[in-house]
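Enquirer: Enclosed is the structure file start-v1.cif (mmCIF, C-alpha atoms).
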```cif
data_my_file
#
loop_
_atom_site.group_PDB
_atom_site.id
_atom_site.type_symbol
_atom_site.label_atom_id
_atom_site.label_comp_id
_atom_site.auth_asym_id
_atom_site.auth_seq_id
_atom_site.Cartn_x
_atom_site.Cartn_y
_atom_site.Cartn_z
ATOM 1 C CA MET Q 27 23.213 -164.289 11.303
ATOM 2 C CA SER Q 28 20.807 -164.574 14.245
ATOM 3 C CA ALA Q 29 19.884 -160.893 13.932
ATOM 4 C CA ALA Q 30 19.276 -161.307 10.202
ATOM 5 C CA LEU Q 31 17.212 -164.447 10.781
ATOM 6 C CA ARG Q 32 14.915 -162.590 13.178
ATOM 7 C CA ARG Q 33 13.963 -160.236 10.357
ATOM 8 C CA TYR Q 34 12.492 -163.061 8.279
ATOM 9 C CA VAL Q 35 11.471 -165.787 10.739
ATOM 10 C CA PRO Q 36 8.997 -165.534 13.660
ATOM 11 C CA GLN Q 37 10.820 -164.601 16.865
ATOM 12 C CA PRO Q 38 9.618 -167.644 18.893
ATOM 13 C CA VAL Q 39 10.973 -169.920 16.157
ATOM 14 C CA VAL Q 40 14.334 -168.130 16.161
ATOM 15 C CA ALA Q 41 14.521 -168.429 19.947
ATOM 16 C CA ARG Q 42 14.010 -172.184 19.765
ATOM 17 C CA LEU Q 43 16.589 -172.595 17.016
ATOM 18 C CA ARG Q 44 19.139 -170.608 19.009
ATOM 19 C CA ARG Q 45 18.588 -172.901 21.990
ATOM 20 C CA GLY Q 46 19.072 -175.927 19.772
ATOM 21 C CA GLU Q 47 15.533 -177.164 20.423
ATOM 22 C CA SER Q 48 13.608 -179.304 17.969
ATOM 23 C CA MET Q 49 11.030 -177.714 15.688
ATOM 24 C CA GLU Q 50 9.394 -181.059 14.991
ATOM 25 C CA GLY Q 51 5.696 -180.608 14.295
ATOM 26 C CA GLY Q 52 2.770 -182.069 16.172
ATOM 27 C CA GLU Q 53 -0.790 -181.479 17.308
ATOM 28 C CA ARG Q 54 -1.226 -178.560 19.671
ATOM 29 C CA ASP Q 55 -4.148 -176.842 21.357
ATOM 30 C CA VAL Q 56 -4.108 -173.312 19.952
ATOM 31 C CA SER Q 57 -6.099 -170.248 19.037
ATOM 32 C CA VAL Q 58 -5.717 -169.157 15.415
ATOM 33 C CA LEU Q 59 -6.249 -165.492 14.518
ATOM 34 C CA PHE Q 60 -6.767 -163.969 11.085
ATOM 35 C CA VAL Q 61 -6.665 -160.225 10.417
ATOM 36 C CA ASP Q 62 -7.800 -158.559 7.205
ATOM 37 C CA LEU Q 63 -7.454 -154.897 6.288
ATOM 38 C CA ARG Q 64 -10.732 -153.269 5.275
ATOM 39 C CA GLY Q 65 -11.144 -150.408 2.869
ATOM 40 C CA TYR Q 66 -7.790 -151.155 1.251
ATOM 41 C CA THR Q 67 -9.107 -151.445 -2.321
ATOM 42 C CA THR Q 68 -10.881 -148.084 -2.148
ATOM 43 C CA PHE Q 69 -7.922 -146.499 -0.358
ATOM 44 C CA SER Q 70 -5.491 -147.751 -3.010
ATOM 45 C CA GLU Q 71 -7.390 -146.462 -6.055
ATOM 46 C CA ALA Q 72 -6.118 -142.882 -5.886
ATOM 47 C CA ARG Q 73 -2.682 -143.477 -4.340
ATOM 48 C CA ALA Q 74 0.740 -144.272 -5.737
ATOM 49 C CA ALA Q 75 2.318 -147.695 -5.189
ATOM 50 C CA GLY Q 76 4.994 -146.206 -2.927
ATOM 51 C CA THR Q 77 2.368 -144.632 -0.678
ATOM 52 C CA LEU Q 78 0.489 -147.927 -0.446
ATOM 53 C CA PHE Q 79 3.666 -149.837 0.361
ATOM 54 C CA SER Q 80 4.447 -147.420 3.183
ATOM 55 C CA MET Q 81 0.910 -147.720 4.566
ATOM 56 C CA VAL Q 82 0.949 -151.536 4.483
ATOM 57 C CA ASN Q 83 4.344 -151.523 6.221
ATOM 58 C CA ARG Q 84 3.002 -149.381 9.064
ATOM 59 C CA TYR Q 85 -0.111 -151.526 9.335
ATOM 60 C CA THR Q 86 1.727 -154.871 9.466
ATOM 61 C CA GLU Q 87 4.266 -153.455 11.916
ATOM 62 C CA ALA Q 88 1.537 -152.201 14.260
ATOM 63 C CA VAL Q 89 -0.502 -155.423 14.119
ATOM 64 C CA SER Q 90 2.440 -157.813 14.456
ATOM 65 C CA ALA Q 91 3.796 -155.791 17.397
ATOM 66 C CA VAL Q 92 0.507 -156.324 19.280
ATOM 67 C CA ILE Q 93 0.496 -160.052 18.537
ATOM 68 C CA GLU Q 94 4.122 -160.553 19.541
ATOM 69 C CA ARG Q 95 3.664 -158.518 22.723
ATOM 70 C CA ARG Q 96 0.815 -160.861 23.665
ATOM 71 C CA GLY Q 97 2.949 -163.942 23.015
ATOM 72 C CA GLY Q 98 1.442 -164.912 19.665
ATOM 73 C CA THR Q 99 3.374 -166.027 16.593
ATOM 74 C CA VAL Q 100 2.753 -164.406 13.200
ATOM 75 C CA VAL Q 101 3.113 -167.276 10.738
ATOM 76 C CA GLU Q 102 1.865 -165.808 7.459
ATOM 77 C CA PHE Q 103 1.359 -162.451 5.790
ATOM 78 C CA LEU Q 104 -1.505 -162.685 3.301
ATOM 79 C CA GLY Q 105 -1.438 -159.561 1.148
ATOM 80 C CA ASP Q 106 -3.215 -157.007 3.343
ATOM 81 C CA GLY Q 107 -3.886 -159.564 6.081
ATOM 82 C CA LEU Q 108 -2.037 -161.975 8.331
ATOM 83 C CA MET Q 109 -2.401 -165.206 10.291
ATOM 84 C CA ALA Q 110 -1.151 -165.728 13.839
ATOM 85 C CA VAL Q 111 -1.120 -168.613 16.299
ATOM 86 C CA PHE Q 112 -1.390 -168.424 20.090
ATOM 87 C CA GLY Q 113 -0.096 -171.508 21.865
ATOM 88 C CA ALA Q 114 2.749 -172.511 19.553
ATOM 89 C CA PRO Q 115 5.652 -173.022 19.380
ATOM 90 C CA GLU Q 116 5.482 -172.306 23.136
ATOM 91 C CA ALA Q 117 2.476 -173.671 25.027
ATOM 92 C CA MET Q 118 -0.009 -171.088 26.318
ATOM 93 C CA PRO Q 119 -2.716 -172.428 28.662
ATOM 94 C CA ASP Q 120 -4.895 -169.308 28.313
ATOM 95 C CA HIS Q 121 -4.413 -168.845 24.573
ATOM 96 C CA ALA Q 122 -8.121 -168.123 23.918
ATOM 97 C CA ARG Q 123 -8.246 -165.264 26.411
ATOM 98 C CA VAL Q 124 -4.956 -163.803 25.219
ATOM 99 C CA SER Q 125 -5.928 -164.033 21.542
ATOM 100 C CA VAL Q 126 -9.177 -162.122 22.164
ATOM 101 C CA GLN Q 127 -7.293 -159.440 24.087
ATOM 102 C CA ALA Q 128 -4.805 -159.195 21.221
ATOM 103 C CA ALA Q 129 -7.622 -158.887 18.674
ATOM 104 C CA CYS Q 130 -9.172 -155.946 20.544
ATOM 105 C CA GLU Q 131 -5.766 -154.282 20.787
ATOM 106 C CA VAL Q 132 -5.229 -154.803 17.041
ATOM 107 C CA VAL Q 133 -8.500 -152.997 16.321
ATOM 108 C CA ALA Q 134 -7.454 -150.087 18.544
ATOM 109 C CA ALA Q 135 -3.960 -149.924 17.041
ATOM 110 C CA VAL Q 136 -5.265 -149.753 13.470
ATOM 111 C CA ARG Q 137 -7.770 -147.057 14.402
ATOM 112 C CA LEU Q 138 -4.982 -144.928 15.845
ATOM 113 C CA LEU Q 139 -2.829 -145.569 12.791
ATOM 114 C CA ALA Q 140 -5.630 -144.562 10.442
ATOM 115 C CA LEU Q 141 -6.385 -141.359 12.332
ATOM 116 C CA ALA Q 142 -2.805 -140.274 12.964
ATOM 117 C CA ALA Q 143 -0.811 -141.428 9.976
ATOM 118 C CA MET Q 144 -3.000 -141.478 6.869
ATOM 119 C CA PRO Q 145 -5.028 -138.745 5.183
ATOM 120 C CA GLY Q 146 -8.505 -140.144 4.766
ATOM 121 C CA GLY Q 147 -7.485 -142.935 7.102
ATOM 122 C CA ALA Q 148 -10.926 -143.165 8.701
ATOM 123 C CA GLN Q 149 -11.803 -145.409 5.731
ATOM 124 C CA ILE Q 150 -9.297 -148.008 6.935
ATOM 125 C CA GLY Q 151 -10.222 -150.661 9.480
ATOM 126 C CA VAL Q 152 -9.805 -154.361 10.186
ATOM 127 C CA GLY Q 153 -11.834 -157.514 10.650
ATOM 128 C CA VAL Q 154 -10.416 -160.169 13.000
ATOM 129 C CA GLY Q 155 -11.517 -163.805 13.244
ATOM 130 C CA ILE Q 156 -10.464 -166.335 15.903
ATOM 131 C CA ALA Q 157 -11.105 -170.051 16.438
ATOM 132 C CA SER Q 158 -9.640 -172.354 19.093
ATOM 133 C CA GLY Q 159 -8.927 -176.075 18.931
ATOM 134 C CA ARG Q 160 -6.454 -178.715 17.842
ATOM 135 C CA ALA Q 161 -4.111 -177.976 14.944
ATOM 136 C CA PHE Q 162 -0.990 -179.541 13.535
ATOM 137 C CA VAL Q 163 1.704 -176.943 14.030
ATOM 138 C CA GLY Q 164 5.166 -177.277 12.528
ATOM 139 C CA ASN Q 165 7.309 -176.909 9.451
ATOM 140 C CA VAL Q 166 5.794 -177.295 5.996
ATOM 141 C CA ARG Q 167 8.429 -178.151 3.397
ATOM 142 C CA THR Q 168 8.707 -176.164 0.171
ATOM 143 C CA SER Q 169 11.193 -176.860 -2.613
ATOM 144 C CA ASP Q 170 13.976 -174.870 -0.945
ATOM 145 C CA ARG Q 171 13.005 -174.136 2.681
ATOM 146 C CA PHE Q 172 10.651 -174.752 5.588
ATOM 147 C CA VAL Q 173 7.661 -172.590 6.508
ATOM 148 C CA TYR Q 174 6.424 -172.663 10.109
ATOM 149 C CA THR Q 175 2.622 -172.697 10.130
ATOM 150 C CA ALA Q 176 -0.545 -174.345 11.458
ATOM 151 C CA VAL Q 177 -2.838 -176.687 9.542
ATOM 152 C CA GLY Q 178 -6.238 -178.113 10.446
ATOM 153 C CA ASP Q 179 -9.961 -177.534 10.658
ATOM 154 C CA VAL Q 180 -9.550 -174.838 13.315
ATOM 155 C CA VAL Q 181 -7.413 -172.819 10.887
ATOM 156 C CA ASN Q 182 -10.074 -173.017 8.194
ATOM 157 C CA LEU Q 183 -12.770 -172.081 10.706
ATOM 158 C CA ALA Q 184 -10.845 -169.023 11.918
ATOM 159 C CA SER Q 185 -10.400 -167.849 8.331
ATOM 160 C CA ARG Q 186 -14.092 -168.313 7.536
ATOM 161 C CA ILE Q 187 -15.144 -166.510 10.732
ATOM 162 C CA GLN Q 188 -12.904 -163.595 9.820
ATOM 163 C CA GLY Q 189 -14.717 -163.451 6.491
ATOM 164 C CA LEU Q 190 -18.031 -163.098 8.344
ATOM 165 C CA THR Q 191 -17.058 -159.964 10.253
ATOM 166 C CA ARG Q 192 -18.361 -157.616 7.573
ATOM 167 C CA GLU Q 193 -21.683 -159.464 7.327
ATOM 168 C CA LEU Q 194 -22.056 -159.407 11.121
ATOM 169 C CA GLN Q 195 -21.039 -155.724 11.253
ATOM 170 C CA ALA Q 196 -18.258 -156.676 13.636
ATOM 171 C CA VAL Q 197 -14.593 -155.889 14.095
ATOM 172 C CA VAL Q 198 -13.878 -159.191 15.870
ATOM 173 C CA ALA Q 199 -15.710 -162.526 15.596
ATOM 174 C CA ILE Q 200 -14.868 -165.727 17.477
ATOM 175 C CA ASP Q 201 -16.103 -169.312 17.655
ATOM 176 C CA ALA Q 202 -18.002 -170.828 20.594
ATOM 177 C CA ARG Q 203 -14.986 -172.521 22.165
ATOM 178 C CA THR Q 204 -12.968 -169.316 22.154
ATOM 179 C CA HIS Q 205 -15.871 -167.466 23.746
ATOM 180 C CA ARG Q 206 -16.365 -170.151 26.383
ATOM 181 C CA THR Q 207 -12.724 -170.184 27.466
ATOM 182 C CA ALA Q 208 -11.849 -166.492 27.036
ATOM 183 C CA GLY Q 209 -13.795 -165.430 30.127
ATOM 184 C CA GLU Q 210 -14.271 -161.714 30.726
ATOM 185 C CA SER Q 211 -12.204 -160.848 27.654
ATOM 186 C CA ALA Q 212 -15.194 -161.878 25.514
ATOM 187 C CA ALA Q 213 -17.947 -160.489 27.756
ATOM 188 C CA ARG Q 214 -18.989 -157.791 25.270
ATOM 189 C CA PHE Q 215 -19.394 -160.224 22.372
ATOM 190 C CA ARG Q 216 -22.916 -160.867 21.075
ATOM 191 C CA ARG Q 217 -24.035 -164.388 20.181
ATOM 192 C CA HIS Q 218 -25.199 -165.201 16.643
ATOM 193 C CA GLU Q 219 -26.787 -168.646 16.653
ATOM 194 C CA ARG Q 220 -26.325 -171.291 13.977
ATOM 195 C CA VAL Q 221 -24.433 -169.218 11.455
ATOM 196 C CA ARG Q 222 -23.785 -170.882 8.126
ATOM 197 C CA ILE Q 223 -20.078 -171.186 7.364
ATOM 198 C CA ARG Q 224 -19.058 -171.592 3.742
ATOM 199 C CA GLY Q 225 -17.691 -175.075 3.140
ATOM 200 C CA ARG Q 226 -19.016 -176.552 6.413
ATOM 201 C CA ALA Q 227 -22.015 -178.882 6.662
ATOM 202 C CA GLU Q 228 -23.196 -177.799 10.107
ATOM 203 C CA PRO Q 229 -23.897 -174.201 11.220
ATOM 204 C CA VAL Q 230 -22.025 -172.894 14.252
ATOM 205 C CA ASP Q 231 -22.560 -170.259 16.916
ATOM 206 C CA VAL Q 232 -20.427 -167.182 16.351
ATOM 207 C CA TYR Q 233 -19.799 -164.393 18.872
ATOM 208 C CA ALA Q 234 -19.149 -160.934 17.497
ATOM 209 C CA LEU Q 235 -17.867 -157.607 18.820
ATOM 210 C CA SER Q 236 -19.627 -154.777 16.988
ATOM 211 C CA TYR Q 237 -18.042 -151.572 15.697
ATOM 212 C CA ALA Q 238 -19.761 -149.571 18.420
ATOM 213 C CA ALA Q 239 -18.777 -151.886 21.291
ATOM 214 C CA ALA Q 240 -15.086 -152.127 20.341
#
```
Rewrite the coordinates I just gave you, this time as structure tokens.
Expert:
Amino acid sequence: MSAALRRYVPQPVVARLRRGESMEGGERDVSVLFVDLRGYTTFSEARAAGTLFSMVNRYTEAVSAVIERRGGTVVEFLGDGLMAVFGAPEAMPDHARVSVQAACEVVAAVRLLALAAMPGGAQIGVGVGIASGRAFVGNVRTSDRFVYTAVGDVVNLASRIQGLTRELQAVVAIDARTHRTAGESAARFRRHERVRIRGRAEPVDVYALSYAAA
């Protein structure tokens, strides 16, 4: 049962359940990371559903392996994207630094996958967005089960920043707090001052890693 559970539930959550530890939710200091697959619509036009399913499987496996290796928790798969949290359920003091390192490794992993595994794969890439701050992390109740996830302004900000990566011609974009606390991991990121974020009243500084610098 434990082995089966690991196939459907994030590994850190399974580990806590096996130890009999509480999964009660609460506010945590985390870094939230969103990944979105680029070029998927164009790639899918001329390919059969089975081929697309195989490609998405390889992509999600490669990306989630990087995140898990870095200690992050994949909490949601969103079509051709995913959401991960660094700093929950287990605390991670340097979650900003680790999340930026993971993002750069995700970009590299998808590039290798595109070149090695898919004809025409050079069209495939990713955009990654990260924001750090306080979030409520825990179980959200549905009609028949619980879903472990994170909720809060920092989650919305990370999602919006990910959406800016194409506009900024970047593969990774992060908020000011992530940049400030990530240290050398974010040294190559370029500052974009007072960027307008959809749905937010005040503009924010965003730091972006360009295609060429990645």
Enquirer: Just so the selection is clear, what residues does the PyMOL selection byres ((chain Q and resi 196) around 12) cover here, as a PyMOL selection string?
Expert: chain Q and resi 64+129-130+133+151-155+187-195+197-200+214-218+232-240
Enquirer: Taking 5 positions as the minimum chain separation for residues in the same chain, which residues sit within 12 Å of segment 158-173 of chain Q when counting all atoms listed in the file? Answer as a ChimeraX atom specification.
Expert: /Q:34-36,39,48-60,99-103,110-117,119-126,178-185,187,200-208
Enquirer: Enumerate, as an NGL selection string, the residues matched when the PyMOL selection byres ((chain Q and resi 225-227) around 10) is run on the file above.
Expert: :Q and (182-183 or 186 or 222-224 or 228-230)
Enquirer: Any idea what the distance is between atom CA of Val89 of chain Q and atom CA of Arg44 of chain Q?
Expert: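 These two atoms are separated by 25.3 Å.
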Enquirer: Looking at Q:Arg84, Q:Gly76, Q:Pro38, Q:Ile156, which one is nearest to Gly98 of chain Q, with distances taken over only C-alpha atoms?
Expert: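 Of Q:Arg84, Q:Gly76, Q:Pro38, Q:Ile156, the one nearest Gly98 of chain Q is Q:Pro38, counting only C-alpha atoms.
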Enquirer: Just the number, please: distance in Å from atom CA of Val92 of chain Q to atom CA of Ala135 of chain Q, one decimal.
Expert: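 Answer for the atom CA of Val92 of chain Q to atom CA of Ala135 of chain Q separation: 8.1 Å.
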Enquirer: Expressed in Å to a single decimal, how great is the separation between atom CA of Leu63 of chain Q and atom CA of Arg137 of chain Q?
Expert: 11.3 Å
Enquirer: For each of Q:Thr175, Q:Asn83, Q:Gln127, Q:Ser90, take the minimum atom-to-atom distance to Ala213 of chain Q, counting only C-alpha atoms, then give the residue where this is smallest.
Expert: Q:Gln127
Enquirer: Write out as JSON an axis-aligned box for segment 206-224 of chain Q: all of its atoms listed in the file, 4 Å added on each side, centre and edge lengths in Å with one decimal.
Expert:
```
{"center_x": -19.3, "center_y": -164.7, "center_z": 17.2, "size_x": 22.9, "size_y": 21.8, "size_z": 35.0}
```
